[in-house]
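See below for the structure under consideration.
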Amino acid sequence: MTNAAADLLAGLRQDHRNMAILLRLLRDETELIAHDKQPDFALLRDIMRYMTVYSDAMHHPKEDLIYAGLRTLQPSLAEGLEKVETEHEEIAKLGERLQDDIEAVIAGTEIETERVVGDANAYMRRLNQHMAWEEEDLFRRADAEIDRITIDSSHLSAIDPVFGENQEAAFTSLRHTVESDTP
């Protein structure tokens with residue numbers, strides 16, 4: 001019998017590795033914008049669609065389950081973790097703002113370069129900080145109690161549309177970019 005919490009935690013760590021790949025691509029494209037070069041806005045749109053659809057809709061709720069499992073197991077284990085849900089909301093808002101910027105540029109709306117770069121940098125910085133904190137704190141707490149955490153993640157059965165076995169056709173271009181960019 002597998003441990004649902006252990007499986008979920010392993011999946012979360014893999015998601016972080018996958019998101020780091022996409023954040024590196026986002027950083028590279030943002031640097032092009034900052035240096036008045038033409039980025040691949042279709043790639044940027046796909047990255048942010050993935051980050052706002054999969055990460056915000058599936059990844060963060062899984063982390064919230066780990067947090068809730070710790071809190072249910074023993075409230076003191078979850079001390080200081082109440083910020084997880086608030087940070088997820090903040091990251092989602094930053095991601096939506098950047099996604100709106102990118103969609104506006106693609107639609108032909110003039111947007112200041114500084115705004116797009118600033119919004120991209122704010123999103124990347126916040127998400128990187130958050131993932132680092134989760135790896136160093138939340139996931140370590142969960143590791144220490146993994147055999148005791150009881151969770152039900154059956155309602156979170158979505159397949160990763162880029163890194164999963166059955167990728168969505170809408171993300172084919174992003175998948176090819178990731179494959180060609182990853183050693």
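By order in the structure tokens, chains are A, B, ...; within a chain, residues start at 1; ligands start at 1, following the order shown.
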
Contact residues around A:Tyr54 with only C-alpha atoms at 10 Å, ignoring same-chain residues under 4 positions, as a PDB file with N, CA and C atoms, in the first residue's frame:
ATOM      1  N   ASP A  15       7.091  18.833  -9.293  1.00  0.00           N
ATOM      2  CA  ASP A  15       6.477  20.061  -9.813  1.00  0.00           C
ATOM      3  C   ASP A  15       7.414  21.245  -9.644  1.00  0.00           C
ATOM      4  N   MET A  48       3.030  31.093 -18.973  1.00  0.00           N
ATOM      5  CA  MET A  48       2.151  31.669 -17.964  1.00  0.00           C
ATOM      6  C   MET A  48       0.799  30.974 -17.928  1.00  0.00           C
ATOM      7  N   ARG A  49       0.346  30.464 -19.042  1.00  0.00           N
ATOM      8  CA  ARG A  49      -0.899  29.690 -19.018  1.00  0.00           C
ATOM      9  C   ARG A  49      -0.699  28.428 -18.178  1.00  0.00           C
ATOM     10  N   TYR A  50       0.440  27.772 -18.377  1.00  0.00           N
ATOM     11  CA  TYR A  50       0.745  26.593 -17.562  1.00  0.00           C
ATOM     12  C   TYR A  50       0.846  26.981 -16.087  1.00  0.00           C
ATOM     13  N   MET A  58      -3.736  23.179  -9.545  1.00  0.00           N
ATOM     14  CA  MET A  58      -3.462  21.823  -9.081  1.00  0.00           C
ATOM     15  C   MET A  58      -2.314  21.737  -8.077  1.00  0.00           C
ATOM     16  N   HIS A  59      -1.204  22.405  -8.373  1.00  0.00           N
ATOM     17  CA  HIS A  59      -0.027  22.287  -7.504  1.00  0.00           C
ATOM     18  C   HIS A  59      -0.279  22.907  -6.129  1.00  0.00           C
ATOM     19  N   HIS A  60      -0.735  24.130  -6.103  1.00  0.00           N
ATOM     20  CA  HIS A  60      -0.930  24.804  -4.824  1.00  0.00           C
ATOM     21  C   HIS A  60      -1.995  24.135  -3.958  1.00  0.00           C
ATOM     22  N   ALA A 158      -5.783  15.696 -11.812  1.00  0.00           N
ATOM     23  CA  ALA A 158      -5.408  16.245 -13.120  1.00  0.00           C
ATOM     24  C   ALA A 158      -3.999  15.808 -13.513  1.00  0.00           C
ATOM     25  N   ILE A 159      -3.821  15.611 -14.778  1.00  0.00           N
ATOM     26  CA  ILE A 159      -2.527  15.236 -15.346  1.00  0.00           C
ATOM     27  C   ILE A 159      -1.778  16.516 -15.712  1.00  0.00           C
ATOM     28  N   ASP A 160      -0.477  16.538 -15.454  1.00  0.00           N
ATOM     29  CA  ASP A 160       0.341  17.688 -15.812  1.00  0.00           C
ATOM     30  C   ASP A 160       0.334  17.818 -17.341  1.00  0.00           C
ATOM     31  N   PRO A 161      -0.158  18.946 -17.876  1.00  0.00           N
ATOM     32  CA  PRO A 161      -0.322  19.077 -19.326  1.00  0.00           C
ATOM     33  C   PRO A 161       0.973  19.280 -20.113  1.00  0.00           C
ATOM     34  N   VAL A 162       2.090  19.518 -19.450  1.00  0.00           N
ATOM     35  CA  VAL A 162       3.371  19.706 -20.127  1.00  0.00           C
ATOM     36  C   VAL A 162       4.344  18.589 -19.780  1.00  0.00           C
TER      37      VAL A 162
END

Residues near A:Glu114, anyone? I mean within 12 Å using only C-alpha atoms, not counting same-chain ones fewer than 6 positions away, as a compact mmCIF listing (two decimals) with N, CA, C and O atoms, in the first residue's frame.
# COMPACT_ATOMS: atom_id res chain seq x y z
N THR A 30 12.42 37.30 -20.48
CA THR A 30 12.30 38.61 -19.83
C THR A 30 13.57 39.43 -20.05
O THR A 30 13.50 40.65 -20.27
N GLU A 31 14.72 38.77 -20.02
CA GLU A 31 15.98 39.46 -20.29
C GLU A 31 16.01 40.02 -21.72
O GLU A 31 16.54 41.11 -21.95
N ILE A 33 13.39 41.07 -23.37
CA ILE A 33 12.54 42.26 -23.32
C ILE A 33 13.30 43.42 -22.70
O ILE A 33 13.28 44.54 -23.23
N ALA A 34 13.98 43.16 -21.60
CA ALA A 34 14.72 44.21 -20.89
C ALA A 34 15.82 44.82 -21.74
O ALA A 34 16.18 45.98 -21.55
N HIS A 35 16.35 44.04 -22.69
CA HIS A 35 17.42 44.53 -23.57
C HIS A 35 16.91 44.92 -24.95
O HIS A 35 17.66 44.90 -25.93
N ASP A 36 15.61 45.25 -25.01
CA ASP A 36 14.97 45.71 -26.26
C ASP A 36 15.14 44.73 -27.41
O ASP A 36 15.28 45.13 -28.57
N ASP A 101 -0.48 41.07 -19.11
CA ASP A 101 0.49 41.87 -19.87
C ASP A 101 0.84 41.19 -21.19
O ASP A 101 0.85 41.82 -22.24
N ALA A 120 7.13 40.58 -14.61
CA ALA A 120 7.78 39.28 -14.74
C ALA A 120 8.76 39.06 -13.59
O ALA A 120 8.77 37.99 -12.96
N ASN A 121 9.55 40.07 -13.30
CA ASN A 121 10.53 39.94 -12.21
C ASN A 121 9.85 39.77 -10.85
O ASN A 121 10.30 38.98 -10.02
N ALA A 122 8.76 40.50 -10.63
CA ALA A 122 8.03 40.36 -9.36
C ALA A 122 7.46 38.95 -9.22
O ALA A 122 7.56 38.34 -8.15

Once you count only C-alpha atoms, what closest atom pair and distance in Å to one decimal does each residue of stretch 66-101 of chain A within 8 Å of stretch 134-157 of chain A have, with rows by chain and rising residue number, as CSV?
residue,atom,partner,partner_atom,distance
A:Ile66,CA,A:Ala142,CA,7.0
A:Tyr67,CA,A:Leu138,CA,7.5
A:Gly69,CA,A:Ile149,CA,5.5
A:Leu70,CA,A:Ile149,CA,6.5
A:Leu73,CA,A:Ile149,CA,6.5
A:Leu77,CA,A:Arg141,CA,7.3
A:Leu81,CA,A:Leu138,CA,7.4

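Separating atom CA of A:Ala132 from atom CA of A:Arg97 is a distance of 22.3 Å.
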
Q. Got a sec: who's within 12 Å of A:Thr172, counting only C-alpha atoms, leaving out chain neighbours fewer than 6 positions off, as a ChimeraX atom specification?
A. /A:42-43,46-47,50,161-164,166,178-179

Q) Can you list every residue in stretch 92-135 of chain A that DSSP puts in alpha helix (DSSP H), as an MDAnalysis selection string? A) chainID A and resid 92:106 113:133

Print the selection's residues with N, CA and C atoms to a file, as a tab-separated table (two decimals), in the first residue's frame.
chain	number	residue	atom	x	y	z
A	92	ALA	N	-0.71	33.86	-7.38
A	92	ALA	CA	-1.73	33.77	-8.43
A	92	ALA	C	-2.04	35.15	-9.01
A	93	LYS	N	-2.16	36.15	-8.16
A	93	LYS	CA	-2.44	37.51	-8.63
A	93	LYS	C	-1.28	38.06	-9.47
A	94	LEU	N	-0.05	37.83	-9.01
A	94	LEU	CA	1.11	38.28	-9.78
A	94	LEU	C	1.17	37.56	-11.13
A	95	GLY	N	0.85	36.28	-11.13
A	95	GLY	CA	0.85	35.51	-12.37
A	95	GLY	C	-0.23	35.99	-13.34
A	96	GLU	N	-1.40	36.28	-12.81
A	96	GLU	CA	-2.49	36.79	-13.65
A	96	GLU	C	-2.12	38.14	-14.26
A	97	ARG	N	-1.48	38.98	-13.47
A	97	ARG	CA	-1.08	40.30	-13.99
A	97	ARG	C	-0.07	40.14	-15.13
A	98	LEU	N	0.92	39.28	-14.95
A	98	LEU	CA	1.90	39.05	-16.01
A	98	LEU	C	1.24	38.41	-17.22
A	99	GLN	N	0.37	37.47	-16.99
A	99	GLN	CA	-0.34	36.84	-18.11
A	99	GLN	C	-1.17	37.88	-18.87
A	100	ASP	N	-1.82	38.78	-18.16
A	100	ASP	CA	-2.58	39.86	-18.81
A	100	ASP	C	-1.67	40.75	-19.64
A	101	ASP	N	-0.48	41.07	-19.11
A	101	ASP	CA	0.49	41.87	-19.87
A	101	ASP	C	0.84	41.19	-21.19
A	102	ILE	N	1.15	39.91	-21.10
A	102	ILE	CA	1.58	39.16	-22.28
A	102	ILE	C	0.44	39.07	-23.29
A	103	GLU	N	-0.75	38.79	-22.83
A	103	GLU	CA	-1.92	38.71	-23.73
A	103	GLU	C	-2.16	40.07	-24.40
A	104	ALA	N	-1.97	41.15	-23.66
A	104	ALA	CA	-2.16	42.48	-24.22
A	104	ALA	C	-1.14	42.76	-25.32
A	105	VAL	N	0.10	42.40	-25.09
A	105	VAL	CA	1.15	42.60	-26.10
A	105	VAL	C	0.82	41.79	-27.35
A	106	ILE	N	0.42	40.55	-27.17
A	106	ILE	CA	0.08	39.69	-28.31
A	106	ILE	C	-1.10	40.27	-29.08
A	113	THR	N	7.61	48.56	-21.67
A	113	THR	CA	8.55	47.47	-21.45
A	113	THR	C	8.83	47.29	-19.98
A	114	GLU	N	8.99	48.40	-19.27
A	114	GLU	CA	9.30	48.35	-17.84
A	114	GLU	C	8.20	47.65	-17.05
A	115	ARG	N	6.97	47.82	-17.48
A	115	ARG	CA	5.85	47.17	-16.78
A	115	ARG	C	5.94	45.66	-16.95
A	116	VAL	N	6.14	45.20	-18.18
A	116	VAL	CA	6.21	43.76	-18.43
A	116	VAL	C	7.40	43.16	-17.69
A	117	VAL	N	8.55	43.81	-17.79
A	117	VAL	CA	9.75	43.31	-17.12
A	117	VAL	C	9.54	43.34	-15.60
A	118	GLY	N	8.99	44.41	-15.09
A	118	GLY	CA	8.74	44.52	-13.65
A	118	GLY	C	7.77	43.46	-13.15
A	119	ASP	N	6.69	43.26	-13.90
A	119	ASP	CA	5.72	42.25	-13.51
A	119	ASP	C	6.32	40.84	-13.58
A	120	ALA	N	7.13	40.58	-14.61
A	120	ALA	CA	7.78	39.28	-14.74
A	120	ALA	C	8.76	39.06	-13.59
A	121	ASN	N	9.55	40.07	-13.30
A	121	ASN	CA	10.53	39.94	-12.21
A	121	ASN	C	9.85	39.77	-10.85
A	122	ALA	N	8.76	40.50	-10.63
A	122	ALA	CA	8.03	40.36	-9.36
A	122	ALA	C	7.46	38.95	-9.22
A	123	TYR	N	6.91	38.43	-10.29
A	123	TYR	CA	6.35	37.08	-10.26
A	123	TYR	C	7.44	36.03	-10.01
A	124	MET	N	8.53	36.13	-10.78
A	124	MET	CA	9.61	35.15	-10.64
A	124	MET	C	10.23	35.21	-9.24
A	125	ARG	N	10.48	36.41	-8.75
A	125	ARG	CA	11.10	36.57	-7.43
A	125	ARG	C	10.21	35.96	-6.35
A	126	ARG	N	8.91	36.29	-6.41
A	126	ARG	CA	7.99	35.82	-5.37
A	126	ARG	C	7.83	34.30	-5.42
A	127	LEU	N	7.70	33.76	-6.62
A	127	LEU	CA	7.53	32.31	-6.75
A	127	LEU	C	8.80	31.57	-6.33
A	128	ASN	N	9.96	32.06	-6.72
A	128	ASN	CA	11.21	31.44	-6.30
A	128	ASN	C	11.38	31.47	-4.78
A	129	GLN	N	11.07	32.61	-4.17
A	129	GLN	CA	11.15	32.71	-2.70
A	129	GLN	C	10.21	31.71	-2.05
A	130	HIS	N	9.02	31.65	-2.57
A	130	HIS	CA	8.00	30.76	-2.00
A	130	HIS	C	8.42	29.29	-2.14
A	131	MET	N	8.89	28.90	-3.31
A	131	MET	CA	9.31	27.50	-3.49
A	131	MET	C	10.50	27.16	-2.60
A	132	ALA	N	11.44	28.08	-2.47
A	132	ALA	CA	12.59	27.82	-1.60
A	132	ALA	C	12.15	27.64	-0.15
A	133	TRP	N	11.25	28.49	0.31
A	133	TRP	CA	10.73	28.35	1.67
A	133	TRP	C	10.02	27.02	1.84
